[in-house]
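Trainee: Dropping in entry-v4.txt, which is compact mmCIF, C-alpha atoms:
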```txt
# COMPACT_ATOMS: atom_id res chain seq x y z
CA MET A 931 44.63 221.03 211.38
CA LYS A 932 45.55 221.68 215.04
CA ILE A 933 48.91 220.13 215.84
CA LEU A 934 50.55 219.83 219.26
CA GLN A 935 54.28 219.04 219.35
CA VAL A 936 55.78 217.77 222.62
CA VAL A 937 59.53 218.02 223.11
CA HIS A 938 62.11 218.28 225.93
CA GLY A 939 63.36 221.77 225.04
CA PHE A 940 62.96 224.47 222.42
CA PRO A 941 65.08 227.25 220.90
CA PRO A 942 66.33 229.75 221.82
CA LYS A 943 66.78 228.28 225.31
CA SER A 944 67.72 224.81 224.08
CA LYS A 945 69.46 224.17 220.75
CA ALA A 946 70.37 220.50 220.44
CA GLY A 947 69.42 218.32 217.46
CA THR A 948 65.87 217.24 218.38
CA GLU A 949 64.98 220.73 219.61
CA ILE A 950 66.19 222.33 216.37
CA LEU A 951 64.35 219.73 214.29
CA THR A 952 61.09 220.34 216.19
CA TYR A 953 61.55 224.11 215.90
CA ASN A 954 62.08 223.98 212.12
CA LEU A 955 59.25 221.48 211.61
CA SER A 956 56.84 223.53 213.72
CA LYS A 957 57.61 226.74 211.83
CA GLU A 958 57.11 225.01 208.48
CA LEU A 959 53.85 223.33 209.50
CA ALA A 960 52.58 226.63 210.93
CA LYS A 961 52.46 228.04 207.38
CA ASN A 962 49.33 225.95 206.78
CA HIS A 963 48.19 224.74 210.21
CA GLU A 964 47.71 225.86 213.80
CA VAL A 965 50.79 224.59 215.62
CA HIS A 966 51.35 224.46 219.38
CA VAL A 967 54.49 223.28 221.23
CA PHE A 968 54.63 222.01 224.81
CA TYR A 969 58.10 221.84 226.40
CA PRO A 970 59.96 222.36 229.68
CA SER A 971 62.58 224.94 230.56
CA TYR A 972 64.45 225.38 233.83
CA SER A 973 65.00 228.21 236.32
CA ASN A 974 65.74 228.76 240.00
CA ARG A 975 62.09 229.57 240.72
CA LYS A 976 60.61 228.03 243.87
CA THR A 977 57.54 226.80 242.01
CA SER A 978 56.87 225.71 238.45
CA LYS A 979 54.55 227.61 236.12
CA ILE A 980 53.25 227.44 232.54
CA VAL A 981 53.66 230.40 230.19
CA SER A 982 51.88 230.53 226.83
CA PHE A 983 52.81 232.93 224.03
CA ARG A 984 53.06 233.14 220.24
CA ARG A 985 56.37 233.43 218.40
CA GLU A 986 57.16 233.01 214.69
CA GLY A 987 53.64 231.75 214.00
CA VAL A 988 53.87 228.98 216.62
CA VAL A 989 52.02 228.95 219.98
CA HIS A 990 54.44 228.06 222.80
CA HIS A 991 53.37 226.43 226.07
CA GLU A 992 56.55 226.62 228.13
CA LEU A 993 56.58 224.74 231.42
CA ILE A 994 59.13 226.59 233.55
CA LYS A 995 60.40 224.03 236.08
CA THR A 996 62.38 224.50 239.27
CA SER A 997 66.07 223.71 239.01
CA ASP A 998 67.37 224.62 242.47
CA LEU A 999 69.80 222.58 244.59
CA TYR A 1000 66.99 220.92 246.56
CA THR A 1001 65.32 219.68 243.38
CA LYS A 1002 68.63 218.38 242.01
CA VAL A 1003 69.39 216.47 245.23
CA LEU A 1004 65.86 215.03 245.28
CA LYS A 1005 66.31 213.80 241.70
CA LEU A 1006 69.59 212.18 242.62
CA LEU A 1007 68.13 210.37 245.65
CA SER A 1008 65.13 209.16 243.61
CA PHE A 1009 67.38 207.65 240.90
CA ASN A 1010 66.93 210.80 238.82
CA PRO A 1011 63.64 211.06 236.89
CA ASN A 1012 65.55 212.39 233.85
CA TYR A 1013 67.03 208.89 233.51
CA VAL A 1014 64.05 206.85 234.62
CA SER A 1015 61.30 209.40 233.78
CA HIS A 1016 58.54 208.18 236.03
CA GLY A 1017 55.04 209.67 236.05
CA ASP A 1018 54.70 213.23 237.31
CA GLU A 1019 51.14 214.13 238.36
CA LYS A 1020 51.71 217.91 238.35
CA ILE A 1021 53.08 217.87 234.81
CA GLU A 1022 50.33 215.50 233.71
CA LYS A 1023 47.60 217.82 235.04
CA THR A 1024 49.23 220.80 233.33
CA PHE A 1025 49.40 218.83 230.09
CA GLU A 1026 45.71 217.91 230.38
CA ARG A 1027 44.84 221.60 230.72
CA ILE A 1028 46.83 222.33 227.55
CA LEU A 1029 45.03 219.51 225.73
CA ASP A 1030 41.64 220.87 226.85
CA GLU A 1031 42.62 224.36 225.70
CA VAL A 1032 44.15 223.40 222.34
CA ASN A 1033 41.88 220.45 221.47
CA PRO A 1034 44.46 219.13 218.95
CA ASP A 1035 43.72 216.96 215.94
CA ILE A 1036 47.12 215.28 216.38
CA VAL A 1037 49.75 215.13 219.13
CA HIS A 1038 53.33 214.46 218.04
CA PHE A 1039 55.80 213.37 220.73
CA GLN A 1040 59.41 214.22 219.84
CA HIS A 1041 60.92 213.63 223.30
CA LEU A 1042 59.77 213.11 226.90
CA ILE A 1043 62.87 213.62 229.04
CA GLY A 1044 62.17 216.09 231.85
CA LEU A 1045 58.40 215.62 231.43
CA SER A 1046 56.33 212.53 232.30
CA ILE A 1047 56.40 209.12 230.68
CA ASN A 1048 52.58 209.00 230.84
CA LEU A 1049 51.87 211.96 228.56
CA PRO A 1050 51.24 209.85 225.42
CA LEU A 1051 48.68 207.75 227.31
CA ILE A 1052 46.88 210.95 228.38
CA ALA A 1053 46.98 212.42 224.85
CA LYS A 1054 45.57 209.18 223.44
CA GLU A 1055 42.21 210.12 225.01
CA TYR A 1056 42.12 213.31 222.94
CA SER A 1057 43.53 212.50 219.50
CA PRO A 1058 45.78 210.17 217.47
CA ILE A 1059 49.39 210.27 218.63
CA VAL A 1060 52.67 210.11 216.73
CA LEU A 1061 55.94 209.12 218.39
CA THR A 1062 59.31 209.89 216.80
CA LEU A 1063 62.27 207.87 218.07
CA ASN A 1064 64.73 210.76 217.83
CA ASP A 1065 67.45 209.03 219.84
CA PHE A 1066 68.06 205.98 222.03
CA TRP A 1067 66.81 207.42 225.33
CA LEU A 1068 63.70 205.24 225.50
CA VAL A 1069 65.95 202.15 225.35
CA CYS A 1070 69.09 203.45 227.07
CA PRO A 1071 68.49 205.51 230.25
CA THR A 1072 71.72 207.47 229.64
CA THR A 1073 70.71 207.87 225.96
CA HIS A 1074 73.95 207.09 224.14
CA PHE A 1075 74.75 203.41 224.67
CA LEU A 1076 77.90 204.30 226.56
CA ASP A 1077 78.38 202.41 229.81
CA ALA A 1078 79.69 203.94 233.03
CA ASN A 1079 83.27 203.19 231.93
CA ARG A 1080 82.67 205.04 228.62
CA ASN A 1081 82.69 201.86 226.53
CA ILE A 1082 80.12 201.16 223.82
CA CYS A 1083 77.20 199.22 225.25
CA THR A 1084 75.79 196.43 223.10
CA HIS A 1085 72.47 195.61 224.76
CA PHE A 1086 69.89 196.59 227.36
CA SER A 1087 69.10 194.77 230.59
CA PRO A 1088 67.64 196.09 233.89
CA GLU A 1089 70.61 194.70 235.86
CA LYS A 1090 73.23 196.19 233.57
CA CYS A 1091 71.46 199.54 233.18
CA SER A 1092 70.82 199.99 236.91
CA LYS A 1093 74.54 199.52 237.68
CA CYS A 1094 75.50 201.87 234.87
CA VAL A 1095 73.04 204.61 235.87
CA SER A 1096 73.93 204.28 239.55
CA LYS A 1097 77.63 204.82 238.78
CA VAL A 1098 76.83 207.81 236.57
CA LEU A 1099 74.64 209.35 239.28
CA LEU A 1100 77.12 208.65 242.09
CA ASP A 1101 79.89 210.24 240.02
CA ALA A 1102 77.68 213.30 239.49
CA GLY A 1103 76.78 213.42 243.18
CA PHE A 1104 80.39 213.23 244.36
CA LYS A 1105 81.40 215.93 241.88
CA LYS A 1106 78.65 218.27 243.13
CA LEU A 1107 79.97 217.77 246.66
CA GLY A 1108 83.50 218.44 245.48
CA TRP A 1109 84.71 214.95 246.42
CA SER A 1110 86.90 212.68 244.37
CA GLN A 1111 85.56 209.16 243.96
CA PRO A 1112 88.36 206.56 243.80
CA ASN A 1113 86.98 203.35 242.26
CA GLU A 1114 88.80 201.19 244.81
CA ASN A 1115 87.08 202.93 247.72
CA ILE A 1116 85.04 200.23 249.52
CA LEU A 1117 82.36 202.73 250.59
CA VAL A 1118 81.84 203.79 246.99
CA LYS A 1119 81.53 200.15 245.89
CA VAL A 1120 78.98 199.37 248.62
CA LEU A 1121 76.95 202.49 247.81
CA GLY A 1122 77.03 201.54 244.14
CA GLU A 1123 75.70 198.03 244.85
CA ILE A 1124 72.89 199.33 247.09
CA TYR A 1125 71.96 202.09 244.66
CA GLY A 1126 72.06 199.62 241.76
CA LEU A 1127 69.66 197.20 243.49
CA TYR A 1128 67.27 200.07 244.21
CA GLY A 1129 67.56 201.29 240.64
CA LYS A 1130 66.90 197.86 239.13
CA ASN A 1131 63.21 198.03 240.06
CA LYS A 1132 63.06 201.61 238.78
CA ILE A 1133 64.47 200.49 235.45
CA LYS A 1134 61.96 197.63 235.21
CA LYS A 1135 59.09 200.06 235.81
CA ARG A 1136 60.57 202.39 233.21
CA VAL A 1137 60.65 199.59 230.62
CA SER A 1138 57.03 198.67 231.33
CA SER A 1139 55.94 202.32 230.93
CA ILE A 1140 57.90 202.80 227.73
CA LYS A 1141 56.48 199.67 226.12
CA LYS A 1142 52.99 200.96 226.95
CA ILE A 1143 53.53 204.30 225.20
CA ILE A 1144 55.14 202.65 222.17
CA SER A 1145 52.20 200.27 221.94
CA ALA A 1146 49.71 203.14 222.34
CA SER A 1147 51.26 205.23 219.54
CA ASP A 1148 49.23 205.28 216.32
CA THR A 1149 52.31 205.91 214.18
CA ILE A 1150 55.97 205.50 215.10
CA ILE A 1151 58.62 207.37 213.10
CA ALA A 1152 62.26 206.23 213.01
CA PRO A 1153 64.73 208.68 211.41
CA SER A 1154 67.37 206.02 210.74
CA ARG A 1155 67.78 202.26 210.42
CA THR A 1156 70.23 202.35 213.31
CA ILE A 1157 67.58 203.61 215.72
CA LEU A 1158 65.01 201.16 214.38
CA HIS A 1159 67.36 198.18 214.77
CA LYS A 1160 68.33 199.18 218.33
CA PHE A 1161 64.68 199.30 219.39
CA ILE A 1162 63.96 195.94 217.75
CA GLU A 1163 67.00 194.05 219.03
CA ASN A 1164 66.40 195.25 222.59
CA GLY A 1165 62.77 194.11 222.55
CA PHE A 1166 61.04 197.50 222.54
CA ILE A 1167 59.47 197.06 219.10
CA GLY A 1168 57.83 193.83 218.00
CA ASN A 1169 55.82 192.70 214.98
CA ARG A 1170 52.73 194.60 216.11
CA GLU A 1171 54.62 197.88 216.38
CA LEU A 1172 56.43 197.31 213.07
CA LYS A 1173 53.10 197.51 211.26
CA LYS A 1174 52.65 201.13 212.32
CA LEU A 1175 56.29 202.19 211.93
CA THR A 1176 57.65 204.35 209.14
CA LEU A 1177 61.30 205.12 208.32
CA LEU A 1178 61.46 208.85 207.68
CA HIS A 1179 64.80 210.65 207.49
CA HIS A 1180 64.76 214.10 209.06
CA GLY A 1181 64.88 217.24 206.97
CA ILE A 1182 66.99 220.32 207.67
CA ASP A 1183 66.60 224.04 207.11
CA MET A 1184 68.80 224.68 204.08
CA SER A 1185 67.76 228.29 203.42
CA ASN A 1186 71.10 229.67 204.65
CA LEU A 1187 73.29 226.61 204.14
CA ILE A 1188 72.84 226.55 200.36
CA LYS A 1189 74.21 230.11 200.23
CA THR A 1190 77.52 229.00 201.77
CA LYS A 1191 80.66 229.94 199.82
CA LYS A 1192 84.03 228.47 200.68
CA ALA A 1193 86.65 230.98 201.77
CA SER A 1194 90.01 230.43 200.12
CA SER A 1195 92.95 229.09 202.11
CA ASN A 1196 96.46 227.85 201.43
CA LYS A 1197 95.84 225.00 203.89
CA ILE A 1198 93.51 222.02 203.97
CA ARG A 1199 91.07 222.77 206.77
CA PHE A 1200 89.60 219.88 208.76
CA GLY A 1201 86.76 220.91 211.04
CA PHE A 1202 84.63 219.88 213.99
CA VAL A 1203 81.20 221.50 214.35
CA GLY A 1204 78.96 221.12 217.40
CA TYR A 1205 78.94 221.05 221.17
CA MET A 1206 82.03 219.26 222.43
CA THR A 1207 81.27 216.28 224.65
CA GLU A 1208 83.20 213.09 225.29
CA ARG A 1209 80.78 211.02 223.21
CA LYS A 1210 81.35 213.36 220.24
CA GLY A 1211 85.01 212.33 220.34
CA THR A 1212 86.70 215.73 220.01
CA HIS A 1213 89.74 214.33 221.87
CA ILE A 1214 90.03 211.54 219.26
CA LEU A 1215 90.20 214.16 216.51
CA ILE A 1216 92.86 216.22 218.32
CA ARG A 1217 95.05 213.16 218.86
CA ALA A 1218 94.63 212.11 215.23
CA PHE A 1219 95.49 215.58 213.97
CA ASN A 1220 98.61 215.66 216.12
CA GLU A 1221 99.82 212.50 214.37
CA LEU A 1222 99.62 214.14 210.94
CA LYS A 1223 102.83 216.13 211.34
CA ASN A 1224 101.71 218.13 208.31
CA THR A 1225 102.04 221.93 208.30
CA ASN A 1226 99.72 222.14 205.30
CA ALA A 1227 96.80 220.98 207.46
CA GLU A 1228 94.69 223.00 209.86
CA LEU A 1229 92.09 221.91 212.41
CA ARG A 1230 89.22 224.25 213.28
CA LEU A 1231 86.95 223.54 216.26
CA TYR A 1232 83.55 225.26 216.09
CA GLY A 1233 81.29 225.21 219.14
CA THR A 1234 80.75 226.89 222.50
CA ILE A 1235 83.61 226.57 224.97
CA ASN A 1236 82.69 226.60 228.65
CA LEU A 1237 85.67 226.61 231.02
CA ASN A 1238 83.43 225.31 233.81
CA ASN A 1239 82.94 222.15 231.75
CA SER A 1240 85.50 219.51 232.73
CA TYR A 1241 85.59 217.97 229.24
CA HIS A 1242 86.18 221.36 227.61
CA ARG A 1243 89.08 221.96 229.98
CA PHE A 1244 90.40 218.51 229.08
CA VAL A 1245 90.24 219.32 225.34
CA ILE A 1246 92.09 222.59 225.84
CA ASN A 1247 94.78 220.81 227.86
CA GLU A 1248 95.14 218.20 225.10
CA ILE A 1249 95.83 221.01 222.63
CA LYS A 1250 98.33 222.65 224.97
CA LYS A 1251 100.31 219.40 225.07
CA ILE A 1252 100.99 219.71 221.33
CA LYS A 1253 104.21 221.66 221.05
CA ASN A 1254 104.83 221.77 217.31
CA HIS A 1255 101.30 221.94 215.93
CA ASN A 1256 99.41 224.05 218.41
CA GLN A 1257 99.36 226.94 215.93
CA ASN A 1258 97.51 224.76 213.41
CA ILE A 1259 94.65 223.98 215.81
CA LYS A 1260 92.22 226.86 216.09
CA ILE A 1261 89.42 227.02 218.66
CA MET A 1262 86.84 229.07 216.77
CA GLY A 1263 84.17 229.05 219.50
CA SER A 1264 80.46 229.64 219.03
CA PHE A 1265 78.86 231.08 215.91
CA ASN A 1266 75.53 232.74 215.05
CA ASP A 1267 75.50 232.12 211.30
CA ILE A 1268 75.38 228.43 210.34
CA ARG A 1269 77.32 229.27 207.18
CA GLU A 1270 80.38 230.40 209.16
CA PRO A 1271 81.94 227.01 209.97
CA TYR A 1272 81.17 225.44 206.61
CA SER A 1273 82.62 228.45 204.78
CA ASN A 1274 85.94 227.87 206.49
CA ILE A 1275 86.46 224.10 206.43
CA ASP A 1276 87.22 221.75 203.54
CA VAL A 1277 86.42 218.48 205.31
CA LEU A 1278 84.12 217.93 208.29
CA VAL A 1279 85.22 215.29 210.82
CA VAL A 1280 82.58 213.55 212.97
CA PRO A 1281 84.58 211.39 215.44
CA SER A 1282 81.70 210.15 217.64
CA ILE A 1283 82.72 207.32 219.96
CA THR A 1284 79.23 205.78 220.09
CA TYR A 1285 76.03 205.52 218.04
CA GLU A 1286 74.47 208.59 216.47
CA GLY A 1287 70.74 208.35 215.86
CA PHE A 1288 70.77 210.57 212.80
CA GLY A 1289 73.73 212.93 212.52
CA LEU A 1290 72.32 216.38 211.84
CA VAL A 1291 75.80 217.84 211.37
CA VAL A 1292 76.47 215.42 208.47
CA GLN A 1293 73.36 216.67 206.69
CA GLU A 1294 74.44 220.28 207.25
CA ALA A 1295 77.83 219.50 205.74
CA PHE A 1296 76.25 217.81 202.73
CA ALA A 1297 73.99 220.84 202.19
CA THR A 1298 77.18 222.88 201.73
CA ARG A 1299 78.83 220.12 199.66
CA THR A 1300 81.44 219.54 202.35
CA PRO A 1301 82.87 215.97 202.45
CA VAL A 1302 82.78 214.12 205.76
CA ILE A 1303 85.18 211.80 207.58
CA ALA A 1304 83.13 209.95 210.18
CA SER A 1305 83.26 207.11 212.68
CA ASP A 1306 82.05 203.88 211.13
CA ILE A 1307 79.13 203.45 213.50
CA GLY A 1308 75.41 204.03 213.80
CA ALA A 1309 73.57 206.37 211.47
CA LEU A 1310 76.85 207.99 210.39
CA ASN A 1311 77.65 205.09 208.06
CA GLU A 1312 74.10 205.20 206.69
CA PHE A 1313 74.83 208.57 205.12
CA VAL A 1314 78.63 208.70 204.71
CA ARG A 1315 79.74 206.19 202.07
CA HIS A 1316 83.43 205.33 202.16
CA MET A 1317 85.41 206.61 199.15
CA GLU A 1318 82.21 207.99 197.58
CA ASN A 1319 81.10 211.12 199.47
CA GLY A 1320 83.59 210.85 202.33
CA LEU A 1321 85.60 208.43 204.44
CA LEU A 1322 84.89 206.15 207.40
CA PHE A 1323 87.33 205.20 210.17
CA ARG A 1324 87.22 202.70 213.03
CA VAL A 1325 85.27 204.17 215.93
CA GLY A 1326 87.48 205.48 218.74
CA ASP A 1327 90.71 204.86 216.79
CA PRO A 1328 92.76 208.07 216.31
CA HIS A 1329 95.40 206.19 214.29
CA ASP A 1330 92.85 205.07 211.73
CA LEU A 1331 91.44 208.60 211.58
CA THR A 1332 94.97 209.90 210.93
CA LYS A 1333 95.32 207.46 207.99
CA ASN A 1334 92.12 208.82 206.47
CA MET A 1335 93.19 212.43 206.91
CA LYS A 1336 96.58 211.61 205.35
CA MET A 1337 94.79 210.03 202.40
CA VAL A 1338 93.07 213.37 201.70
CA LEU A 1339 96.28 215.36 202.11
CA LYS A 1340 98.18 213.07 199.71
CA ASP A 1341 95.47 213.25 197.06
CA LEU A 1342 93.61 216.55 197.16
CA SER A 1343 91.52 215.52 194.15
CA LEU A 1344 89.56 213.31 196.58
CA ILE A 1345 87.88 216.40 198.01
CA GLU A 1346 86.43 217.38 194.63
CA LYS A 1347 85.51 213.77 193.89
CA PHE A 1348 83.59 213.50 197.16
CA ARG A 1349 81.93 216.89 196.65
CA ALA A 1350 80.69 215.81 193.22
CA ASN A 1351 79.11 212.69 194.75
CA ILE A 1352 77.29 214.46 197.57
CA LYS A 1353 73.53 214.42 197.14
CA PRO A 1354 71.55 217.29 198.69
CA PRO A 1355 69.89 216.26 201.97
CA LYS A 1356 66.16 216.38 202.52
CA SER A 1357 64.87 219.92 203.12
CA ILE A 1358 62.65 220.85 206.05
CA GLU A 1359 59.93 221.68 203.50
CA GLU A 1360 60.04 218.14 202.09
CA TYR A 1361 60.11 216.65 205.56
CA ALA A 1362 57.13 218.73 206.71
CA ARG A 1363 55.07 217.51 203.73
CA GLU A 1364 55.94 213.90 204.60
CA VAL A 1365 54.99 214.39 208.26
CA GLU A 1366 51.81 216.18 207.21
CA LYS A 1367 50.79 213.09 205.21
CA VAL A 1368 51.34 210.93 208.30
CA TYR A 1369 49.02 213.23 210.28
CA GLN A 1370 46.34 213.29 207.59
CA ALA A 1371 46.33 209.50 207.23
CA LEU A 1372 45.67 209.14 210.98
CA ILE A 1373 42.96 211.77 211.11
CA GLN A 1374 41.13 210.24 208.17
CA LYS A 1375 41.03 206.75 209.73
```
Any chance you could give the structure as structure tokens?
Mentor:
Amino acid sequence: MKILQVVHGFPPKSKAGTEILTYNLSKELAKNHEVHVFYPSYSNRKTSKIVSFRREGVVHHELIKTSDLYTKVLKLLSFNPNYVSHGDEKIEKTFERILDEVNPDIVHFQHLIGLSINLPLIAKEYSPIVLTLNDFWLVCPTTHFLDANRNICTHFSPEKCSKCVSKVLLDAGFKKLGWSQPNENILVKVLGEIYGLYGKNKIKKRVSSIKKIISASDTIIAPSRTILHKFIENGFIGNRELKKLTLLHHGIDMSNLIKTKKASSNKIRFGFVGYMTERKGTHILIRAFNELKNTNAELRLYGTINLNNSYHRFVINEIKKIKNHNQNIKIMGSFNDIREPYSNIDVLVVPSITYEGFGLVVQEAFATRTPVIASDIGALNEFVRHMENGLLFRVGDPHDLTKNMKMVLKDLSLIEKFRANIKPPKSIEEYAREVEKVYQALIQK
């Protein structure tokens, strides 16, 4: 079987959840099939180009796109294609050449950001297509159901989304120019209104395009009930689409994780693992830990720290404010071996302030039999069961998180109880076999 995966980035250049999933799935499928991957990367080149090569048994078709200042400004002025993702004729023609060259039996779309929204419609002329709803981006232009004021968004509408996206883009534009943007500034408000009206039509066109590709998909995969419900309640999936939808939890590469051994410590080690962003709620965890006032507890933060990142600077400043407990918060930084963080924490904390579509880090923790304290929202509460394999706290509430952490510190037997109740997550091998069956069923139709 010839399989073409389409995704918005690929390791080693891009290592977020969907990219890692596609990488692991592609490698596993390549053991028995011919697997190709089409994805963008970014450089300061003046022109884009496609580079094809083989690595780890998978054929890569890397579209190297321009990412210079001119291109960034053009995106901003055009309501940023990464949010609205309109058609892109150059990318579409390149994709058609890849389709002609590969002649795939199946095309699996993992993500389209940075590409063109029309790619599934083009692929439909060549083979059956599979669409995985890996996150909320097709519904929410900013992906995470957080509005411009960083509050959880409850529903989609062109009017609401255009105002939200316009504020996000104006903020980004002012920051690039080195200007502060006071909300009470009348010029900023006027610009926001004008930009929002312009963006409203863009959002409407985006919705129309997205509904077309969802309708055109032969099989739709949802990795969690949370994602499925969000697409249904916002009108992107109806009864017709439900008939070709399958709920299929992702699998993870457990080859190294299952070899993890806990290092001994005389402290209870709470940990955060992943790239620190506001939506991941690292600041909530730091504030909660500061409330513990317990010298027997330690907080370890694993993930790349970039001092050019304003949120990372904010997190570091939050830690510096803690006078008495600063020594019990350790910034561990990046890591190469996935076993490293899970070897050195007793409880993983996932303090996300908005919906997670799946929660890869929870599955990693469970593979190492590490209990999890998580926000009671989205897919996190699909996998973390309160007082069974971990604890749940009110989203965005550091005080409630503190109560849960205190509960563990007062009764350390909870850690062993939770560990005993953790069921191993699905492996990438199991997941690949399930996906393979989806492909075969379509080809045999």
Trainee: Find, counting all atoms listed in the file, the residue in A:His1074, A:Arg1243, A:Arg1217, A:Arg1027 that gets nearest to Pro1281 in chain A.
Mentor: A:Arg1217
Trainee: Which residues are close to Tyr1241 in chain A, i.e. within 9 Å by all atoms listed in the file, leaving aside same-chain residues fewer than 5 positions away? Reply as a PyMOL selection string.
Mentor: chain A and resi 1206-1208+1246
Trainee: Tell me which protein, DNA and RNA residues are within 10 Å of Ile980 in chain A, counting all atoms listed in the file, leaving out same-chain ones fewer than 5 positions away, and put them as a list in words.
Mentor: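 In the requested form, the answer reads Phe968, Tyr969, Pro970, Ser971, His990, His991, Glu992, Leu993, Ile994, Lys995, Ile1021, Thr1024, Phe1025 and Ile1028 of chain A.
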Trainee: Compute the distance from (80.1, 202.1, 203.4) to each atom, counting all atoms listed in the file, keep the residues with any atom at most 9 Å away, and return them as a list of chain:residue names; use the coordinates of the file.
Mentor: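 Final list of nearby residues, as requested, is A:Asp1306, A:Asn1311, A:Glu1312, A:Phe1313, A:Val1314, A:Arg1315, A:His1316, A:Met1317, A:Glu1318, A:Leu1321, A:Leu1322.
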Trainee: Just C-alpha atoms for this one: save the residues we selected as a PDB file, keeping the file's coordinate frame.
Mentor:
```pdb
ATOM      1  CA  ASP A1306      82.050 203.880 211.130  1.00  0.00           C
ATOM      2  CA  ASN A1311      77.650 205.090 208.060  1.00  0.00           C
ATOM      3  CA  GLU A1312      74.100 205.200 206.690  1.00  0.00           C
ATOM      4  CA  PHE A1313      74.830 208.570 205.120  1.00  0.00           C
ATOM      5  CA  VAL A1314      78.630 208.700 204.710  1.00  0.00           C
ATOM      6  CA  ARG A1315      79.740 206.190 202.070  1.00  0.00           C
ATOM      7  CA  HIS A1316      83.430 205.330 202.160  1.00  0.00           C
ATOM      8  CA  MET A1317      85.410 206.610 199.150  1.00  0.00           C
ATOM      9  CA  GLU A1318      82.210 207.990 197.580  1.00  0.00           C
ATOM     10  CA  LEU A1321      85.600 208.430 204.440  1.00  0.00           C
ATOM     11  CA  LEU A1322      84.890 206.150 207.400  1.00  0.00           C
TER      12      LEU A1322
END
```
Trainee: Between A:Lys1135, A:Lys945, A:His1329, A:Arg1349, which is the closest to Val1302 in chain A once you count only C-alpha atoms?
Mentor: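 When distances to Val1302 in chain A are compared using only C-alpha atoms, the smallest one comes from A:Arg1349.
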Trainee: Given the choices A:Gly1308, A:Pro1271, A:Pro941, A:Pro1071, which gets closest to Leu1231 in chain A if the distance is worked out from all atoms listed in the file?
Mentor: A:Pro1271
Trainee: Give the answer as one residue: which of A:Ser1147, A:Val1368, A:Thr1212, A:Asn1081 has the shortest atom-to-atom distance to Thr1176 in chain A, using all atoms listed in the file?
Mentor: A:Val1368
Trainee: Using only C-alpha atoms and a cutoff of 12 Å, can you tell me which residues are near (57.9, 211.9, 229.4) in the file's coordinates, and write them out as a PyMOL selection string?
Mentor: chain A and resi 936-938+968-970+1011-1019+1021-1022+1025+1039-1053+1061+1067-1068+1136+1139-1140+1143
Trainee: One decimal, Å: what's the distance from CA of Leu1187 in chain A over to CA of Asn1258 in chain A, could you say?
Mentor: 26.0 Å
Trainee: Edge lengths and centre in Å to one decimal, as JSON, is what I'm after for the box along x, y and z that holds all listed atoms of range 1200-1218 of chain A once 4 Å is added on each side.
Mentor:
```
{"center_x": 87.0, "center_y": 216.3, "center_z": 217.0, "size_x": 24.1, "size_y": 18.5, "size_z": 24.5}
```
Trainee: Have a look at A:Asp1183, A:Gly1326, A:Pro1354, A:Ser978 and name the one nearest to Ser956 in chain A; count only C-alpha atoms.
Mentor: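 Under the stated criterion, the closest residue is A:Asp1183.
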Trainee: Go through A:Leu1215, A:Met1262, A:Gly1204, A:Phe1075 one by one, measure the shortest atom-to-atom distance of each to Phe1323 in chain A using all atoms listed in the file, and give the residue with the smallest value.
Mentor: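 Of A:Leu1215, A:Met1262, A:Gly1204, A:Phe1075, the one nearest Phe1323 in chain A is A:Leu1215, counting all atoms listed in the file.
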Trainee: Grab the CA of Lys1142 in chain A to CA of Val1060 in chain A distance for me, in Å with one decimal place.
Mentor: 13.7 Å
Trainee: Quick one: distance from CA of Pro942 in chain A to CA of Thr1298 in chain A in Å, one decimal?
Mentor: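 So the two atoms, CA of Pro942 in chain A and CA of Thr1298 in chain A, lie 23.8 Å apart.
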Trainee: Do you know which residues are at most 9 Å from Glu1359 in chain A counting only C-alpha atoms, after dropping those on the same chain fewer than 6 positions away, and could you put them as a ChimeraX atom specification?
Mentor: /A:955,958-959,1181-1183
Trainee: Please produce an output containing C-alpha atoms for each residue in the selection, written as a compact mmCIF listing (two decimals), in the frame of the given file.
Mentor:
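As a result, out05.txt now contains:
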```txt
# COMPACT_ATOMS: atom_id res chain seq x y z
CA LEU A 955 59.25 221.48 211.61
CA GLU A 958 57.11 225.01 208.48
CA LEU A 959 53.85 223.33 209.50
CA GLY A 1181 64.88 217.24 206.97
CA ILE A 1182 66.99 220.32 207.67
CA ASP A 1183 66.60 224.04 207.11
```
Trainee: Excluding Asn1274 in chain A and any residue of its chain fewer than 5 positions from it, enumerate the residues within 12 Å of it, using only C-alpha atoms, and give them as a CSV table (one decimal) with C-alpha atoms, in the frame of the given file.
Mentor:
```csv
chain,number,residue,atom,x,y,z
A,1190,THR,CA,77.5,229.0,201.8
A,1191,LYS,CA,80.7,229.9,199.8
A,1192,LYS,CA,84.0,228.5,200.7
A,1193,ALA,CA,86.6,231.0,201.8
A,1194,SER,CA,90.0,230.4,200.1
A,1195,SER,CA,93.0,229.1,202.1
A,1196,ASN,CA,96.5,227.8,201.4
A,1197,LYS,CA,95.8,225.0,203.9
A,1198,ILE,CA,93.5,222.0,204.0
A,1199,ARG,CA,91.1,222.8,206.8
A,1200,PHE,CA,89.6,219.9,208.8
A,1201,GLY,CA,86.8,220.9,211.0
A,1202,PHE,CA,84.6,219.9,214.0
A,1203,VAL,CA,81.2,221.5,214.4
A,1228,GLU,CA,94.7,223.0,209.9
A,1229,LEU,CA,92.1,221.9,212.4
A,1230,ARG,CA,89.2,224.2,213.3
A,1231,LEU,CA,87.0,223.5,216.3
A,1232,TYR,CA,83.6,225.3,216.1
A,1260,LYS,CA,92.2,226.9,216.1
A,1262,MET,CA,86.8,229.1,216.8
A,1268,ILE,CA,75.4,228.4,210.3
A,1269,ARG,CA,77.3,229.3,207.2
A,1295,ALA,CA,77.8,219.5,205.7
A,1298,THR,CA,77.2,222.9,201.7
A,1300,THR,CA,81.4,219.5,202.4
```
